[in-house]
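File shown: model-v9.pdb (PDB, C-alpha atoms, pLDDT in the B column).
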ATOM      1  CA  MET Q   1     -79.853 -61.329  -6.147  1.00 69.00           C
ATOM      2  CA  LYS Q   2     -79.431 -57.731  -4.957  1.00 66.00           C
ATOM      3  CA  ARG Q   3     -81.021 -56.268  -1.875  1.00 72.00           C
ATOM      4  CA  HIS Q   4     -81.223 -52.656  -0.801  1.00 72.00           C
ATOM      5  CA  VAL Q   5     -80.132 -52.218   2.837  1.00 78.00           C
ATOM      6  CA  PRO Q   6     -80.725 -48.611   3.986  1.00 74.00           C
ATOM      7  CA  GLY Q   7     -77.847 -47.194   6.015  1.00 70.00           C
ATOM      8  CA  LEU Q   8     -75.316 -49.812   4.918  1.00 68.00           C
ATOM      9  CA  SER Q   9     -73.146 -47.222   3.206  1.00 67.00           C
ATOM     10  CA  ASP Q  10     -72.827 -45.355   6.511  1.00 62.00           C
ATOM     11  CA  THR Q  11     -70.845 -48.274   7.943  1.00 61.00           C
ATOM     12  CA  ALA Q  12     -68.175 -47.856   5.281  1.00 59.00           C
ATOM     13  CA  ARG Q  13     -67.773 -44.098   5.573  1.00 52.00           C
ATOM     14  CA  ASP Q  14     -64.355 -42.509   5.367  1.00 47.00           C
ATOM     15  CA  SER Q  15     -62.729 -42.104   8.802  1.00 46.00           C
ATOM     16  CA  ARG Q  16     -61.746 -38.537   7.853  1.00 42.00           C
ATOM     17  CA  SER Q  17     -65.438 -37.580   7.990  1.00 50.00           C
ATOM     18  CA  GLU Q  18     -65.596 -38.458  11.704  1.00 76.00           C
ATOM     19  CA  VAL Q  19     -65.955 -35.674  14.234  1.00 79.00           C
ATOM     20  CA  PRO Q  20     -62.633 -35.065  16.024  1.00 86.00           C
ATOM     21  CA  ASP Q  21     -62.201 -34.760  19.784  1.00 85.00           C
ATOM     22  CA  GLY Q  22     -63.026 -31.266  20.983  1.00 89.00           C
ATOM     23  CA  MET Q  23     -65.684 -28.778  21.995  1.00 92.00           C
ATOM     24  CA  PHE Q  24     -68.757 -28.069  19.899  1.00 94.00           C
ATOM     25  CA  LEU Q  25     -71.917 -25.990  19.971  1.00 95.00           C
ATOM     26  CA  VAL Q  26     -74.637 -28.565  19.329  1.00 95.00           C
ATOM     27  CA  GLN Q  27     -78.379 -29.052  19.107  1.00 96.00           C
ATOM     28  CA  VAL Q  28     -80.198 -32.185  20.262  1.00 95.00           C
ATOM     29  CA  ASP Q  29     -81.689 -33.889  17.193  1.00 94.00           C
ATOM     30  CA  HIS Q  30     -82.927 -37.053  18.830  1.00 93.00           C
ATOM     31  CA  ALA Q  31     -83.076 -38.667  22.254  1.00 92.00           C
ATOM     32  CA  GLN Q  32     -84.250 -42.143  23.106  1.00 92.00           C
ATOM     33  CA  HIS Q  33     -84.276 -44.039  26.385  1.00 91.00           C
ATOM     34  CA  ARG Q  34     -82.876 -47.553  26.193  1.00 89.00           C
ATOM     35  CA  TRP Q  35     -83.429 -49.945  29.042  1.00 85.00           C
ATOM     36  CA  GLN Q  36     -80.824 -52.464  30.064  1.00 80.00           C
ATOM     37  CA  ALA Q  37     -81.151 -54.291  33.373  1.00 76.00           C
ATOM     38  CA  GLN Q  38     -77.893 -52.958  34.798  1.00 81.00           C
ATOM     39  CA  LYS Q  39     -77.272 -49.759  32.819  1.00 88.00           C
ATOM     40  CA  PRO Q  40     -80.256 -47.890  31.400  1.00 91.00           C
ATOM     41  CA  PHE Q  41     -79.207 -44.989  29.194  1.00 92.00           C
ATOM     42  CA  TYR Q  42     -80.288 -42.303  26.744  1.00 92.00           C
ATOM     43  CA  VAL Q  43     -78.964 -42.405  23.205  1.00 92.00           C
ATOM     44  CA  LEU Q  44     -78.437 -38.823  22.058  1.00 93.00           C
ATOM     45  CA  ARG Q  45     -77.861 -37.633  18.515  1.00 94.00           C
ATOM     46  CA  LEU Q  46     -76.454 -34.126  18.508  1.00 94.00           C
ATOM     47  CA  SER Q  47     -76.058 -31.977  15.404  1.00 94.00           C
ATOM     48  CA  ILE Q  48     -73.025 -29.684  15.337  1.00 94.00           C
ATOM     49  CA  LEU Q  49     -73.826 -25.994  14.861  1.00 94.00           C
ATOM     50  CA  GLU Q  50     -70.302 -24.636  15.385  1.00 91.00           C
ATOM     51  CA  PRO Q  51     -67.476 -24.609  14.460  1.00 90.00           C
ATOM     52  CA  LYS Q  52     -68.837 -23.919  10.996  1.00 91.00           C
ATOM     53  CA  ALA Q  53     -66.323 -26.292   9.369  1.00 90.00           C
ATOM     54  CA  LEU Q  54     -68.111 -29.222  11.047  1.00 90.00           C
ATOM     55  CA  ALA Q  55     -71.657 -27.834  10.969  1.00 91.00           C
ATOM     56  CA  GLY Q  56     -74.277 -30.414  10.101  1.00 90.00           C
ATOM     57  CA  ARG Q  57     -72.294 -33.447  11.247  1.00 92.00           C
ATOM     58  CA  SER Q  58     -73.731 -35.616  13.987  1.00 92.00           C
ATOM     59  CA  ILE Q  59     -72.399 -36.932  17.261  1.00 91.00           C
ATOM     60  CA  VAL Q  60     -74.099 -40.017  18.681  1.00 91.00           C
ATOM     61  CA  SER Q  61     -73.373 -41.205  22.190  1.00 91.00           C
ATOM     62  CA  ARG Q  62     -74.919 -42.410  25.438  1.00 90.00           C
ATOM     63  CA  LEU Q  63     -75.777 -40.763  28.719  1.00 91.00           C
ATOM     64  CA  TYR Q  64     -76.300 -43.355  31.418  1.00 90.00           C
ATOM     65  CA  CYS Q  65     -79.034 -42.895  33.993  1.00 88.00           C
ATOM     66  CA  THR Q  66     -77.954 -45.289  36.705  1.00 88.00           C
ATOM     67  CA  PRO Q  67     -77.928 -43.939  40.278  1.00 89.00           C
ATOM     68  CA  LYS Q  68     -74.150 -43.403  40.048  1.00 92.00           C
ATOM     69  CA  ALA Q  69     -74.394 -41.583  36.700  1.00 89.00           C
ATOM     70  CA  THR Q  70     -77.362 -39.282  37.287  1.00 90.00           C
ATOM     71  CA  TRP Q  71     -74.977 -36.421  38.080  1.00 93.00           C
ATOM     72  CA  LYS Q  72     -73.835 -36.386  34.436  1.00 93.00           C
ATOM     73  CA  LEU Q  73     -77.389 -36.578  33.088  1.00 92.00           C
ATOM     74  CA  GLY Q  74     -78.342 -33.716  35.417  1.00 92.00           C
ATOM     75  CA  TRP Q  75     -75.331 -31.683  34.268  1.00 93.00           C
ATOM     76  CA  PHE Q  76     -76.396 -32.151  30.646  1.00 93.00           C
ATOM     77  CA  LEU Q  77     -80.024 -31.234  31.369  1.00 93.00           C
ATOM     78  CA  ARG Q  78     -79.147 -28.114  33.391  1.00 94.00           C
ATOM     79  CA  ASP Q  79     -76.589 -26.764  30.923  1.00 95.00           C
ATOM     80  CA  PHE Q  80     -78.809 -27.406  27.904  1.00 95.00           C
ATOM     81  CA  LEU Q  81     -81.592 -25.481  29.713  1.00 93.00           C
ATOM     82  CA  TYR Q  82     -84.010 -28.380  30.041  1.00 94.00           C
ATOM     83  CA  ASP Q  83     -87.439 -27.500  31.462  1.00 93.00           C
ATOM     84  CA  PRO Q  84     -86.841 -26.811  35.196  1.00 92.00           C
ATOM     85  CA  GLU Q  85     -90.371 -27.910  36.115  1.00 93.00           C
ATOM     86  CA  LEU Q  86     -89.859 -31.358  34.561  1.00 92.00           C
ATOM     87  CA  LEU Q  87     -86.410 -31.563  36.127  1.00 89.00           C
ATOM     88  CA  SER Q  88     -87.817 -30.784  39.580  1.00 91.00           C
ATOM     89  CA  ARG Q  89     -90.271 -33.691  39.137  1.00 92.00           C
ATOM     90  CA  ASP Q  90     -87.417 -36.050  38.109  1.00 90.00           C
ATOM     91  CA  GLU Q  91     -88.933 -36.401  34.633  1.00 91.00           C
ATOM     92  CA  VAL Q  92     -87.166 -36.570  31.290  1.00 91.00           C
ATOM     93  CA  ASP Q  93     -89.369 -36.022  28.247  1.00 92.00           C
ATOM     94  CA  GLU Q  94     -87.612 -37.204  25.091  1.00 91.00           C
ATOM     95  CA  PHE Q  95     -89.594 -34.763  22.961  1.00 93.00           C
ATOM     96  CA  ALA Q  96     -88.698 -31.842  25.255  1.00 93.00           C
ATOM     97  CA  LEU Q  97     -84.996 -32.648  24.704  1.00 93.00           C
ATOM     98  CA  ARG Q  98     -85.222 -32.106  20.958  1.00 94.00           C
ATOM     99  CA  GLY Q  99     -84.021 -28.703  19.901  1.00 95.00           C
ATOM    100  CA  LEU Q 100     -82.079 -27.949  23.092  1.00 95.00           C
ATOM    101  CA  ILE Q 101     -78.777 -26.204  22.391  1.00 96.00           C
ATOM    102  CA  GLY Q 102     -75.568 -26.273  24.409  1.00 96.00           C
ATOM    103  CA  VAL Q 103     -71.839 -26.924  24.371  1.00 95.00           C
ATOM    104  CA  VAL Q 104     -70.392 -30.410  24.607  1.00 94.00           C
ATOM    105  CA  ARG Q 105     -66.835 -31.671  24.860  1.00 93.00           C
ATOM    106  CA  ILE Q 106     -66.258 -35.086  23.334  1.00 92.00           C
ATOM    107  CA  SER Q 107     -63.462 -37.599  23.151  1.00 91.00           C
ATOM    108  CA  HIS Q 108     -63.275 -40.932  21.391  1.00 90.00           C
ATOM    109  CA  THR Q 109     -62.436 -44.336  22.846  1.00 87.00           C
ATOM    110  CA  VAL Q 110     -62.561 -47.912  21.649  1.00 86.00           C
ATOM    111  CA  VAL Q 111     -64.467 -50.399  23.826  1.00 82.00           C
ATOM    112  CA  ASN Q 112     -64.344 -54.060  22.843  1.00 83.00           C
ATOM    113  CA  GLY Q 113     -63.201 -53.027  19.377  1.00 83.00           C
ATOM    114  CA  ILE Q 114     -66.090 -50.587  18.898  1.00 81.00           C
ATOM    115  CA  PRO Q 115     -65.294 -46.866  18.581  1.00 84.00           C
ATOM    116  CA  GLN Q 116     -67.422 -44.660  20.821  1.00 85.00           C
ATOM    117  CA  ALA Q 117     -67.793 -40.947  21.453  1.00 88.00           C
ATOM    118  CA  ASN Q 118     -67.779 -39.929  25.122  1.00 88.00           C
ATOM    119  CA  PHE Q 119     -69.431 -36.822  26.529  1.00 91.00           C
ATOM    120  CA  ASP Q 120     -66.700 -35.331  28.718  1.00 91.00           C
ATOM    121  CA  GLY Q 121     -68.337 -32.037  29.624  1.00 92.00           C
ATOM    122  CA  PHE Q 122     -71.197 -29.634  29.040  1.00 94.00           C
ATOM    123  CA  ALA Q 123     -71.772 -25.881  29.182  1.00 94.00           C
ATOM    124  CA  PRO Q 124     -74.652 -23.535  28.386  1.00 94.00           C
ATOM    125  CA  ALA Q 125     -74.828 -22.242  24.805  1.00 93.00           C
ATOM    126  CA  SER Q 126     -74.380 -18.707  26.174  1.00 92.00           C
ATOM    127  CA  GLN Q 127     -70.769 -19.608  27.027  1.00 90.00           C
ATOM    128  CA  TRP Q 128     -69.880 -20.797  23.505  1.00 90.00           C
ATOM    129  CA  GLU Q 129     -68.196 -17.546  22.395  1.00 90.00           C
ATOM    130  CA  ALA Q 130     -65.897 -17.465  25.435  1.00 88.00           C
ATOM    131  CA  LEU Q 131     -65.101 -21.177  25.184  1.00 88.00           C
ATOM    132  CA  ALA Q 132     -64.522 -21.048  21.428  1.00 83.00           C
ATOM    133  CA  ALA Q 133     -62.077 -18.173  21.887  1.00 84.00           C
ATOM    134  CA  ALA Q 134     -60.071 -20.316  24.323  1.00 80.00           C
ATOM    135  CA  ILE Q 135     -59.719 -23.197  21.836  1.00 74.00           C
ATOM    136  CA  PRO Q 136     -56.467 -22.996  19.882  1.00 67.00           C
ATOM    137  CA  SER Q 137     -56.876 -23.199  16.109  1.00 57.00           C
ATOM    138  CA  SER Q 138     -54.176 -25.861  15.860  1.00 41.00           C
ATOM    139  CA  PRO Q 139     -52.125 -28.013  18.253  1.00 41.00           C
ATOM    140  CA  ALA Q 140     -49.145 -25.773  17.550  1.00 36.00           C
ATOM    141  CA  ALA Q 141     -50.990 -22.807  19.048  1.00 37.00           C
ATOM    142  CA  ASN Q 142     -49.155 -23.379  22.329  1.00 40.00           C
ATOM    143  CA  ASP Q 143     -45.447 -22.799  22.301  1.00 42.00           C
ATOM    144  CA  ASN Q 144     -44.751 -26.393  23.348  1.00 43.00           C
ATOM    145  CA  GLY Q 145     -47.139 -27.908  20.797  1.00 40.00           C
ATOM    146  CA  THR Q 146     -49.609 -29.354  23.284  1.00 42.00           C
ATOM    147  CA  ARG Q 147     -53.314 -28.663  23.285  1.00 43.00           C
ATOM    148  CA  LYS Q 148     -54.573 -26.101  25.748  1.00 42.00           C
ATOM    149  CA  GLU Q 149     -57.256 -27.652  27.958  1.00 45.00           C
ATOM    150  CA  THR Q 150     -60.307 -25.646  28.871  1.00 46.00           C
ATOM    151  CA  VAL Q 151     -62.347 -26.853  31.810  1.00 48.00           C
ATOM    152  CA  LEU Q 152     -66.111 -26.845  31.467  1.00 52.00           C
ATOM    153  CA  ARG Q 153     -67.470 -25.867  34.886  1.00 50.00           C
TER     154      ARG Q 153
END

Represent the structure from my file as structure tokens, please.
Amino acid sequence: MKRHVPGLSDTARDSRSEVPDGMFLVQVDHAQHRWQAQKPFYVLRLSILEPKALAGRSIVSRLYCTPKATWKLGWFLRDFLYDPELLSRDEVDEFALRGLIGVVRISHTVVNGIPQANFDGFAPASQWEALAAAIPSSPAANDNGTRKETVLR
């Protein structure tokens, strides 16, 4: 007997199609709050706008909203130009997050055998041109072959 399981093919995708570590201009496609007793978080799906070679691919990761992690959530909201009135009332509207555009730096880690993308930094979309110019086109762009690091804020 055959059964159709939507999304099953996504689990077997080629690892070359994954988004590499780096900096990207992105747009928020989806945001959803998930409650866990010790670590509530937002699941964010971001669609890459630039660089053009990766445009249309998605990045999915978490932003925790525990008391110790609110600084990172606030950094994301400020740099992606979230509604200041809602922010001043300590409110996050999942629908208001959709469509926001900004710059994100990601890296990948493996936790308990599960690969995850980490949000390492954020910047306003207005800074994309300057940040993109600072990113070397290849690791060999530096004379010693190491990647040049650009600090976001």

Next on the checklist: Ranking Q:Leu25, Q:Gly99, Q:Arg45, Q:Ser58 by minimum distance to Ser126 of chain Q and counting only C-alpha atoms, which one comes first?
Outcome noted: Q:Leu25

Checklist entry - What does the PyMOL selection byres ((chain Q and resi 29-38) around 12) select in this file, as an MDAnalysis selection string? => result chainID Q and resid 26:28 39:49 56:68 92:101

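In this model, the gap between atom CA of Val104 of chain Q and atom CA of Glu91 of chain Q comes to 21.9 Å.
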
Checklist entry - What is the atom CA of Ser107 of chain Q-atom CA of Phe119 of chain Q distance in Å, reported with one decimal? => result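 So the two atoms, atom CA of Ser107 of chain Q and atom CA of Phe119 of chain Q, lie 6.9 Å apart.
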
Checklist entry - What is the distance, in Å and to one decimal place, between atom CA of Arg89 of chain Q and atom CA of Thr70 of chain Q? => result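 These two atoms are separated by 14.2 Å.
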
Checklist entry - Mind telling me what the PyMOL selection byres ((chain Q and resi 23) around 7) catches here, as a ChimeraX atom specification? => result /Q:22,24,103-106

Could you tell me which residues the PyMOL selection byres ((chain Q and resi 77) around 10) grabs in this file, written as a PDB file with C-alpha atoms, in the coordinates of the input?
ATOM      1  CA  TRP Q  71     -74.977 -36.421  38.080  1.00 93.00           C
ATOM      2  CA  LYS Q  72     -73.835 -36.386  34.436  1.00 93.00           C
ATOM      3  CA  LEU Q  73     -77.389 -36.578  33.088  1.00 92.00           C
ATOM      4  CA  GLY Q  74     -78.342 -33.716  35.417  1.00 92.00           C
ATOM      5  CA  TRP Q  75     -75.331 -31.683  34.268  1.00 93.00           C
ATOM      6  CA  PHE Q  76     -76.396 -32.151  30.646  1.00 93.00           C
ATOM      7  CA  ARG Q  78     -79.147 -28.114  33.391  1.00 94.00           C
ATOM      8  CA  ASP Q  79     -76.589 -26.764  30.923  1.00 95.00           C
ATOM      9  CA  PHE Q  80     -78.809 -27.406  27.904  1.00 95.00           C
ATOM     10  CA  LEU Q  81     -81.592 -25.481  29.713  1.00 93.00           C
ATOM     11  CA  TYR Q  82     -84.010 -28.380  30.041  1.00 94.00           C
ATOM     12  CA  ASP Q  83     -87.439 -27.500  31.462  1.00 93.00           C
ATOM     13  CA  PRO Q  84     -86.841 -26.811  35.196  1.00 92.00           C
ATOM     14  CA  LEU Q  87     -86.410 -31.563  36.127  1.00 89.00           C
ATOM     15  CA  VAL Q  92     -87.166 -36.570  31.290  1.00 91.00           C
ATOM     16  CA  LEU Q  97     -84.996 -32.648  24.704  1.00 93.00           C
ATOM     17  CA  LEU Q 100     -82.079 -27.949  23.092  1.00 95.00           C
ATOM     18  CA  GLY Q 102     -75.568 -26.273  24.409  1.00 96.00           C
ATOM     19  CA  PHE Q 122     -71.197 -29.634  29.040  1.00 94.00           C
ATOM     20  CA  PRO Q 124     -74.652 -23.535  28.386  1.00 94.00           C
TER      21      PRO Q 124
END

Centre and edges of the segment 107-122 of chain Q box, axis-aligned, 5 Å extra per side, as JSON:
{"center_x": -66.8, "center_y": -41.8, "center_z": 24.1, "size_x": 18.8, "size_y": 34.4, "size_z": 21.0}

Please output segment 63-77 of chain Q, rebuilt to include N, CA and C atoms, as a PDB file, in the frame of the given file.
ATOM      1  N   LEU Q  63     -75.818 -41.331  27.370  1.00 91.00           N
ATOM      2  CA  LEU Q  63     -75.777 -40.763  28.719  1.00 91.00           C
ATOM      3  C   LEU Q  63     -76.480 -41.765  29.618  1.00 91.00           C
ATOM      4  N   TYR Q  64     -75.735 -42.351  30.532  1.00 90.00           N
ATOM      5  CA  TYR Q  64     -76.300 -43.355  31.418  1.00 90.00           C
ATOM      6  C   TYR Q  64     -77.160 -42.698  32.482  1.00 90.00           C
ATOM      7  N   CYS Q  65     -78.159 -43.430  32.943  1.00 88.00           N
ATOM      8  CA  CYS Q  65     -79.034 -42.895  33.993  1.00 88.00           C
ATOM      9  C   CYS Q  65     -79.144 -43.855  35.171  1.00 88.00           C
ATOM     10  N   THR Q  66     -78.028 -44.476  35.502  1.00 88.00           N
ATOM     11  CA  THR Q  66     -77.954 -45.289  36.705  1.00 88.00           C
ATOM     12  C   THR Q  66     -77.834 -44.343  37.903  1.00 88.00           C
ATOM     13  N   PRO Q  67     -78.072 -44.825  39.112  1.00 89.00           N
ATOM     14  CA  PRO Q  67     -77.928 -43.939  40.278  1.00 89.00           C
ATOM     15  C   PRO Q  67     -76.551 -43.273  40.366  1.00 89.00           C
ATOM     16  N   LYS Q  68     -75.492 -43.990  39.983  1.00 92.00           N
ATOM     17  CA  LYS Q  68     -74.150 -43.403  40.048  1.00 92.00           C
ATOM     18  C   LYS Q  68     -73.886 -42.401  38.936  1.00 92.00           C
ATOM     19  N   ALA Q  69     -74.656 -42.442  37.858  1.00 89.00           N
ATOM     20  CA  ALA Q  69     -74.394 -41.583  36.700  1.00 89.00           C
ATOM     21  C   ALA Q  69     -75.408 -40.457  36.526  1.00 89.00           C
ATOM     22  N   THR Q  70     -76.352 -40.326  37.454  1.00 90.00           N
ATOM     23  CA  THR Q  70     -77.362 -39.282  37.287  1.00 90.00           C
ATOM     24  C   THR Q  70     -76.765 -37.882  37.358  1.00 90.00           C
ATOM     25  N   TRP Q  71     -75.617 -37.733  38.016  1.00 93.00           N
ATOM     26  CA  TRP Q  71     -74.977 -36.421  38.080  1.00 93.00           C
ATOM     27  C   TRP Q  71     -74.651 -35.916  36.669  1.00 93.00           C
ATOM     28  N   LYS Q  72     -74.203 -36.803  35.789  1.00 93.00           N
ATOM     29  CA  LYS Q  72     -73.835 -36.386  34.436  1.00 93.00           C
ATOM     30  C   LYS Q  72     -75.075 -36.060  33.611  1.00 93.00           C
ATOM     31  N   LEU Q  73     -76.130 -36.861  33.770  1.00 92.00           N
ATOM     32  CA  LEU Q  73     -77.389 -36.578  33.088  1.00 92.00           C
ATOM     33  C   LEU Q  73     -77.945 -35.234  33.562  1.00 92.00           C
ATOM     34  N   GLY Q  74     -77.882 -35.000  34.870  1.00 92.00           N
ATOM     35  CA  GLY Q  74     -78.342 -33.716  35.417  1.00 92.00           C
ATOM     36  C   GLY Q  74     -77.524 -32.544  34.907  1.00 92.00           C
ATOM     37  N   TRP Q  75     -76.222 -32.725  34.792  1.00 93.00           N
ATOM     38  CA  TRP Q  75     -75.331 -31.683  34.268  1.00 93.00           C
ATOM     39  C   TRP Q  75     -75.742 -31.342  32.843  1.00 93.00           C
ATOM     40  N   PHE Q  76     -75.955 -32.358  32.023  1.00 93.00           N
ATOM     41  CA  PHE Q  76     -76.396 -32.151  30.646  1.00 93.00           C
ATOM     42  C   PHE Q  76     -77.720 -31.396  30.612  1.00 93.00           C
ATOM     43  N   LEU Q  77     -78.698 -31.850  31.389  1.00 93.00           N
ATOM     44  CA  LEU Q  77     -80.024 -31.234  31.369  1.00 93.00           C
ATOM     45  C   LEU Q  77     -79.986 -29.783  31.834  1.00 93.00           C
TER      46      LEU Q  77
END
